[in-house]
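Source file: input35.csv (CSV, C-alpha atoms)
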chain,number,residue,atom,x,y,z
A,15,GLU,CA,70.4,103.4,89.5
A,16,ASP,CA,70.9,100.0,91.1
A,17,LYS,CA,72.0,100.2,94.7
A,18,VAL,CA,73.4,97.5,97.1
A,19,VAL,CA,74.0,98.4,100.7
A,20,GLN,CA,75.9,96.2,103.1
A,21,SER,CA,76.0,96.5,106.9
A,22,PRO,CA,77.8,96.6,109.1
A,23,LEU,CA,80.8,98.1,107.3
A,24,SER,CA,83.2,96.3,109.6
A,25,LEU,CA,82.9,93.9,112.5
A,26,VAL,CA,85.3,92.4,115.1
A,27,VAL,CA,84.2,89.2,116.8
A,28,HIS,CA,85.8,86.5,119.0
A,29,GLU,CA,86.4,83.0,117.6
A,30,GLY,CA,83.3,80.9,118.2
A,31,ASP,CA,80.9,83.8,117.9
A,32,THR,CA,78.0,83.8,115.4
A,33,VAL,CA,77.8,86.7,113.0
A,34,THR,CA,75.1,88.0,110.7
A,35,LEU,CA,76.0,90.1,107.7
A,36,ASN,CA,73.3,92.1,105.9
A,37,CYS,CA,72.8,93.1,102.3
A,38,SER,CA,69.8,95.3,101.2
A,39,TYR,CA,69.2,96.3,97.6
A,40,GLU,CA,67.2,98.5,95.3
A,41,VAL,CA,67.4,97.3,91.8
A,42,THR,CA,65.3,97.0,88.7
A,43,ASN,CA,64.8,93.6,87.1
A,44,PHE,CA,66.4,91.5,89.9
A,45,ARG,CA,67.8,88.1,88.8
A,46,SER,CA,70.1,86.8,91.5
A,47,LEU,CA,72.0,87.8,94.6
A,48,LEU,CA,75.5,86.4,95.1
A,49,TRP,CA,77.8,86.4,98.1
A,50,TYR,CA,81.6,86.4,97.8
A,51,LYS,CA,84.5,86.2,100.2
A,52,GLN,CA,87.5,88.3,99.5
A,53,GLU,CA,90.6,87.6,101.6
A,54,LYS,CA,93.6,88.9,99.7
A,55,LYS,CA,92.9,89.4,96.0
A,56,ALA,CA,90.3,87.4,94.1
A,57,PRO,CA,86.8,87.2,95.5
A,58,THR,CA,85.7,83.6,95.9
A,59,PHE,CA,82.1,82.6,95.3
A,60,LEU,CA,80.0,81.5,98.3
A,61,PHE,CA,76.3,81.4,97.4
A,62,MET,CA,73.9,82.4,94.7
A,63,LEU,CA,70.3,83.1,95.8
A,64,THR,CA,67.4,83.5,93.4
A,65,SER,CA,64.3,82.5,95.3
A,66,SER,CA,63.0,83.9,98.5
A,67,GLY,CA,63.0,81.9,101.7
A,68,ILE,CA,65.2,79.1,100.5
A,69,GLU,CA,68.3,78.8,102.7
A,70,LYS,CA,71.6,78.0,101.1
A,71,LYS,CA,74.1,76.3,103.4
A,72,SER,CA,77.7,75.3,103.2
A,73,GLY,CA,79.3,74.1,106.4
A,74,ARG,CA,79.1,76.9,109.0
A,75,LEU,CA,77.9,79.5,106.4
A,76,SER,CA,74.3,79.9,105.4
A,77,SER,CA,72.4,82.6,103.5
A,78,ILE,CA,68.8,83.4,102.8
A,79,LEU,CA,67.0,85.9,100.5
A,80,ASP,CA,63.9,87.9,101.1
A,81,LYS,CA,62.7,89.3,97.8
A,82,LYS,CA,59.7,91.1,99.4
A,83,GLU,CA,61.8,93.1,101.8
A,84,LEU,CA,64.7,93.3,99.4
A,85,PHE,CA,67.5,91.9,101.6
A,86,SER,CA,69.7,89.0,102.2
A,87,ILE,CA,71.7,87.8,105.2
A,88,LEU,CA,74.8,85.8,105.5
A,89,ASN,CA,75.3,83.9,108.7
A,90,ILE,CA,78.5,82.4,109.9
A,91,THR,CA,78.4,80.2,113.0
A,92,ALA,CA,81.3,79.2,115.3
A,93,THR,CA,83.5,81.7,113.6
A,94,GLN,CA,87.2,80.9,113.1
A,95,THR,CA,90.2,83.2,112.4
A,96,GLY,CA,90.1,81.9,108.8
A,97,ASP,CA,86.8,83.5,108.3
A,98,SER,CA,88.5,86.9,108.5
A,99,ALA,CA,87.8,88.6,105.2
A,100,VAL,CA,85.7,91.1,103.3
A,101,TYR,CA,82.3,89.7,102.5
A,102,LEU,CA,80.8,91.1,99.3
A,103,CYS,CA,77.2,91.0,98.2
A,104,ALA,CA,76.5,91.4,94.5
A,105,LEU,CA,73.4,91.5,92.3
A,106,ILE,CA,72.8,90.3,88.8
A,107,THR,CA,70.1,92.3,87.1
A,108,GLY,CA,68.3,92.0,83.7
A,109,THR,CA,70.0,89.9,81.1
A,110,ALA,CA,73.5,91.2,81.9
A,111,SER,CA,76.2,89.3,83.6
A,112,LYS,CA,77.3,92.5,85.2
A,113,LEU,CA,77.6,92.3,88.9
A,114,THR,CA,76.6,95.3,91.0
A,115,PHE,CA,78.6,95.0,94.3
A,116,GLY,CA,78.0,96.4,97.7
A,117,THR,CA,80.9,98.0,99.5
A,118,GLY,CA,81.4,94.9,101.6
A,119,THR,CA,81.6,94.0,105.3
A,120,ARG,CA,85.1,93.6,106.7
A,121,LEU,CA,85.0,90.8,109.3
A,122,GLN,CA,87.9,90.2,111.7
A,123,VAL,CA,87.8,87.2,113.9
A,124,THR,CA,90.2,87.4,116.9
A,125,LEU,CA,91.4,84.6,119.2
B,30,LYS,CA,91.1,73.0,85.5
B,31,ALA,CA,93.3,76.2,85.6
B,32,GLY,CA,91.7,79.3,87.0
B,33,VAL,CA,91.5,82.8,85.7
B,34,THR,CA,94.9,84.3,85.1
B,35,GLN,CA,95.8,87.9,84.9
B,36,THR,CA,99.1,89.5,83.9
B,37,PRO,CA,100.9,91.4,85.0
B,38,ARG,CA,100.2,91.1,88.7
B,39,TYR,CA,101.7,94.5,89.6
B,40,LEU,CA,102.3,97.5,87.5
B,41,ILE,CA,103.7,101.0,88.2
B,42,LYS,CA,103.1,103.8,85.7
B,43,THR,CA,103.2,107.5,85.6
B,44,ARG,CA,100.5,110.0,84.8
B,45,GLY,CA,99.8,110.3,81.1
B,46,GLN,CA,101.1,106.9,80.2
B,47,GLN,CA,98.9,104.1,78.9
B,48,VAL,CA,98.6,100.5,80.2
B,49,THR,CA,97.3,97.2,78.9
B,50,LEU,CA,96.2,94.4,81.2
B,51,SER,CA,95.6,90.8,80.1
B,52,CYS,CA,93.1,88.2,81.3
B,53,SER,CA,92.9,84.6,80.4
B,54,PRO,CA,89.5,83.0,81.4
B,55,ILE,CA,88.9,79.5,82.5
B,56,SER,CA,88.9,77.1,79.6
B,57,GLY,CA,85.5,77.0,78.0
B,58,HIS,CA,84.3,80.3,79.5
B,59,ARG,CA,83.2,82.7,76.9
B,60,SER,CA,82.3,85.7,79.0
B,61,VAL,CA,84.9,88.0,80.5
B,62,SER,CA,84.1,90.9,82.8
B,63,TRP,CA,86.4,93.6,84.2
B,64,TYR,CA,86.1,95.4,87.5
B,65,GLN,CA,88.0,98.2,89.2
B,66,GLN,CA,88.4,97.9,93.0
B,67,THR,CA,89.4,100.9,95.1
B,68,PRO,CA,89.1,101.5,98.8
B,69,GLY,CA,86.7,104.3,98.3
B,70,GLN,CA,84.4,103.0,95.6
B,71,GLY,CA,84.6,99.3,96.2
B,72,LEU,CA,84.2,96.9,93.2
B,73,GLN,CA,82.9,98.7,90.1
B,74,PHE,CA,81.9,97.1,86.8
B,75,LEU,CA,83.9,98.3,83.8
B,76,PHE,CA,82.7,96.2,80.9
B,77,GLU,CA,81.9,92.7,79.8
B,78,TYR,CA,82.8,90.8,76.6
B,79,PHE,CA,81.2,87.8,75.1
B,80,SER,CA,82.2,86.2,71.9
B,81,GLU,CA,84.5,89.1,71.1
B,82,THR,CA,81.7,91.7,71.5
B,83,GLN,CA,81.3,94.2,74.3
B,84,ARG,CA,77.9,93.4,75.7
B,85,ASN,CA,77.8,95.6,78.7
B,86,LYS,CA,79.6,98.8,79.8
B,87,GLY,CA,79.8,100.5,83.2
B,88,ASN,CA,80.1,104.2,83.9
B,89,PHE,CA,83.8,104.8,83.1
B,90,PRO,CA,85.3,107.3,80.7
B,91,GLY,CA,86.4,106.4,77.2
B,92,ARG,CA,90.0,106.2,78.4
B,93,PHE,CA,89.0,102.7,79.5
B,94,SER,CA,88.6,100.3,76.7
B,95,GLY,CA,88.9,96.6,76.1
B,96,ARG,CA,88.7,93.8,73.7
B,97,GLN,CA,88.3,90.0,73.5
B,98,PHE,CA,90.0,87.6,71.2
B,99,SER,CA,88.7,84.5,69.5
B,100,ASN,CA,90.2,82.3,72.2
B,101,SER,CA,88.2,84.4,74.8
B,102,ARG,CA,91.3,86.0,76.2
B,103,SER,CA,90.7,89.6,77.0
B,104,GLU,CA,92.7,92.8,77.3
B,105,MET,CA,91.9,96.0,79.0
B,106,ASN,CA,93.5,99.3,78.1
B,107,VAL,CA,93.7,102.5,80.0
B,108,SER,CA,95.0,105.6,78.2
B,109,THR,CA,96.3,108.9,79.6
B,110,LEU,CA,96.6,107.5,83.1
B,111,GLU,CA,95.4,109.6,86.1
B,112,LEU,CA,96.4,109.2,89.7
B,113,GLY,CA,92.8,108.1,90.4
B,114,ASP,CA,93.2,105.1,88.2
B,115,SER,CA,95.4,103.5,90.8
B,116,ALA,CA,93.4,100.4,91.8
B,117,LEU,CA,93.1,96.6,91.7
B,118,TYR,CA,91.8,95.5,88.4
B,119,LEU,CA,89.9,92.2,88.5
B,120,CYS,CA,88.9,90.1,85.7
B,121,ALA,CA,86.1,87.5,86.0
B,122,SER,CA,85.0,84.8,83.6
B,123,SER,CA,81.8,82.8,83.4
B,124,LEU,CA,80.4,80.1,81.2
B,125,SER,CA,77.8,82.2,79.5
B,126,THR,CA,75.5,85.1,80.0
B,127,SER,CA,72.3,83.3,79.0
B,128,GLY,CA,70.3,80.5,80.5
B,129,THR,CA,69.6,79.8,84.1
B,130,GLY,CA,71.3,78.1,87.0
B,131,SER,CA,74.3,79.1,89.1
B,132,LEU,CA,76.8,77.5,86.8
B,133,VAL,CA,75.8,80.0,84.1
B,134,TRP,CA,75.9,83.1,86.2
B,135,GLU,CA,78.7,82.4,88.6
B,136,GLN,CA,81.7,84.5,87.9
B,137,PHE,CA,85.2,83.3,88.8
B,138,PHE,CA,87.7,86.0,89.6
B,139,GLY,CA,91.4,86.2,88.7
B,140,PRO,CA,94.0,87.4,91.2
B,141,GLY,CA,93.9,90.9,89.8
B,142,THR,CA,96.5,93.4,88.6
B,143,ARG,CA,97.5,96.0,91.1
B,144,LEU,CA,98.1,99.3,89.1
B,145,THR,CA,99.8,102.2,90.8
B,146,VAL,CA,99.9,105.5,89.0
B,147,LEU,CA,102.6,108.0,90.2
Can the structure from this file be put into structure tokens for me?
Amino acid sequence: EDKVVQSPLSLVVHEGDTVTLNCSYEVTNFRSLLWYKQEKKAPTFLFMLTSSGIEKKSGRLSSILDKKELFSILNITATQTGDSAVYLCALITGTASKLTFGTGTRLQVTL
Amino acid sequence: KAGVTQTPRYLIKTRGQQVTLSCSPISGHRSVSWYQQTPGQGLQFLFEYFSETQRNKGNFPGRFSGRQFSNSRSEMNVSTLELGDSALYLCASSLSTSGTGSLVWEQFFGPGTRLTVL
């Protein structure tokens, strides 16, 4: 059975800190890994990673995938209170469009 | 372009009743997936429809069913509701389930329907 594990489960940081969120996985027939941010209701797409070692970057957020060690990290630099959310890691496997999600990391950024 | 819409946004039912949730995907998107989100289990895949056909199914009992119409709108039905069915039900649409590239695989989520079973 496909498994996606995120760590830490929750995190409280001060504004301006840098955080690293982890996602490790055990899946068959890996296709892609996605990161989502969920604030209130709908998860919003952040990144999709398919190849190892290629960093994806968007503003203060960046992510990289290691397909050999089966993990991905999401970095957020100079955190702001607006970054407070649950960050979800999800995998696409095989030919399905089914996403297998991790339980998420709840990030709280305080002033 | 309008996003994914779900109706109703909130629903309260009692045990034993049935419920139907609706999802309208982004225009042009043909794939619709449904997920259940609970505090204990996180986001879990229910099923996916593409061109009116169920293509993938998660590990949920037969009380959970769905369908997709020719305009790609989808409905999800839960019969004989149980207390444990209380959850946020999210619908996501994507362009397609074939091909490569992030545009194909990226799923856009609706705001969800919060179902409470009493």
May I have the residues of chain A within 12 Å of chain B, counting all atoms listed in the file, written as a VMD selection string?
chain A and resid 15 to 20 23 45 to 65 100 to 120
Just the residues within 8 Å of Val146 of chain B, please, counting all atoms listed in the file, with nothing from its chain fewer than 4 positions along; format it as a list in words.
Ile41, Lys42, Thr43, Arg44, Leu110, Glu111, Leu112, Gly113, Asp114 and Ser115 of chain B
Using all atoms listed in the file, the residue out of B:Ala31, B:Leu144, B:Val107, B:Ala116 with shortest distance to Gly45 of chain B is B:Val107
Env of Asn100 of chain B: 9 Å cut, atoms = only C-alpha atoms, seq-sep filter 2 positions within chain, self excluded. Answer as a VMD selection string.
chain B and resid 53 59 80 to 81 97 to 98 102 to 103
Please measure the separation of atom CA of Ser76 of chain A and atom CA of Ile90 of chain A, giving the value in Å to one decimal.
6.6 Å
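Between atom CA of Arg92 of chain B and atom CA of Cys52 of chain B the separation is 18.5 Å.
Atom pair atom CA of Asn36 of chain A / atom CA of Pro22 of chain A has a distance of 7.1 Å (rounded to one decimal).
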Here is a test: counting only C-alpha atoms, which residue of B:Leu40, B:Val48, B:Gly32, B:Leu124 is nearest to Asn106 of chain B?
B:Val48
Nearest residue to Thr109 of chain B out of B:Pro37, B:Gly57, B:Gln65, B:Phe93, using only C-alpha atoms?
B:Phe93
Could you add whatever atoms are missing so that segment 33-44 of chain A carries all heavy atoms, then write the result as a compact mmCIF listing (two decimals), keeping the file's coordinate frame?
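Dumped everything to selection.txt:
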# COMPACT_ATOMS: atom_id res chain seq x y z
N VAL A 33 77.97 85.38 113.56
CA VAL A 33 77.80 86.70 113.00
C VAL A 33 76.71 86.68 111.90
O VAL A 33 76.51 85.64 111.25
CB VAL A 33 79.09 87.28 112.39
CG1 VAL A 33 80.13 87.46 113.46
CG2 VAL A 33 79.59 86.42 111.26
N THR A 34 76.06 87.82 111.73
CA THR A 34 75.10 88.00 110.70
C THR A 34 75.42 89.21 109.87
O THR A 34 75.52 90.31 110.43
CB THR A 34 73.65 88.12 111.24
OG1 THR A 34 73.32 86.93 111.96
CG2 THR A 34 72.64 88.32 110.11
N LEU A 35 75.64 89.03 108.59
CA LEU A 35 76.00 90.10 107.70
C LEU A 35 74.73 90.43 106.84
O LEU A 35 74.03 89.51 106.41
CB LEU A 35 77.15 89.77 106.81
CG LEU A 35 78.39 89.21 107.52
CD1 LEU A 35 79.51 88.98 106.52
CD2 LEU A 35 78.84 90.12 108.63
N ASN A 36 74.50 91.71 106.60
CA ASN A 36 73.30 92.10 105.90
C ASN A 36 73.59 92.74 104.55
O ASN A 36 74.60 93.42 104.37
CB ASN A 36 72.55 93.17 106.75
CG ASN A 36 72.20 92.63 108.11
OD1 ASN A 36 71.34 91.80 108.28
ND2 ASN A 36 72.92 93.13 109.12
N CYS A 37 72.67 92.51 103.64
CA CYS A 37 72.80 93.10 102.30
C CYS A 37 71.36 93.51 101.88
O CYS A 37 70.48 92.65 101.75
CB CYS A 37 73.34 92.10 101.32
SG CYS A 37 73.35 92.68 99.60
N SER A 38 71.14 94.80 101.67
CA SER A 38 69.80 95.30 101.20
C SER A 38 70.05 95.88 99.80
O SER A 38 71.14 96.35 99.48
CB SER A 38 69.21 96.27 102.13
OG SER A 38 70.02 97.42 102.25
N TYR A 39 69.01 95.88 99.01
CA TYR A 39 69.20 96.30 97.60
C TYR A 39 67.97 97.03 97.09
O TYR A 39 66.85 96.84 97.55
CB TYR A 39 69.56 95.15 96.74
CG TYR A 39 68.54 94.03 96.69
CD1 TYR A 39 67.52 94.04 95.74
CD2 TYR A 39 68.59 92.97 97.59
CE1 TYR A 39 66.58 93.02 95.69
CE2 TYR A 39 67.65 91.95 97.55
CZ TYR A 39 66.66 91.97 96.60
OH TYR A 39 65.73 90.97 96.55
N GLU A 40 68.24 97.88 96.11
CA GLU A 40 67.20 98.50 95.30
C GLU A 40 67.64 98.38 93.87
O GLU A 40 68.59 99.05 93.46
CB GLU A 40 67.05 100.00 95.65
CG GLU A 40 66.53 100.31 97.02
CD GLU A 40 66.52 101.82 97.28
OE1 GLU A 40 66.40 102.60 96.31
OE2 GLU A 40 66.66 102.20 98.45
N VAL A 41 67.03 97.49 93.15
CA VAL A 41 67.40 97.30 91.80
C VAL A 41 66.21 97.07 90.90
O VAL A 41 65.14 96.72 91.41
CB VAL A 41 68.37 96.05 91.61
CG1 VAL A 41 69.65 96.23 92.41
CG2 VAL A 41 67.65 94.76 92.03
N THR A 42 66.39 97.29 89.63
CA THR A 42 65.30 97.00 88.70
C THR A 42 65.65 95.62 88.05
O THR A 42 66.80 95.31 87.81
CB THR A 42 65.22 98.03 87.58
OG1 THR A 42 66.52 98.22 87.00
CG2 THR A 42 64.77 99.36 88.17
N ASN A 43 64.65 94.85 87.82
CA ASN A 43 64.80 93.60 87.10
C ASN A 43 65.79 92.63 87.81
O ASN A 43 66.76 92.18 87.20
CB ASN A 43 65.21 93.81 85.67
CG ASN A 43 64.84 92.65 84.78
OD1 ASN A 43 64.27 91.65 85.25
ND2 ASN A 43 65.16 92.74 83.52
N PHE A 44 65.52 92.35 89.06
CA PHE A 44 66.40 91.50 89.90
C PHE A 44 66.42 90.07 89.23
O PHE A 44 65.41 89.52 88.81
CB PHE A 44 65.80 91.38 91.27
CG PHE A 44 66.46 90.35 92.15
CD1 PHE A 44 67.53 90.71 92.95
CD2 PHE A 44 66.01 89.03 92.18
CE1 PHE A 44 68.14 89.77 93.77
CE2 PHE A 44 66.62 88.10 92.98
CZ PHE A 44 67.69 88.47 93.79
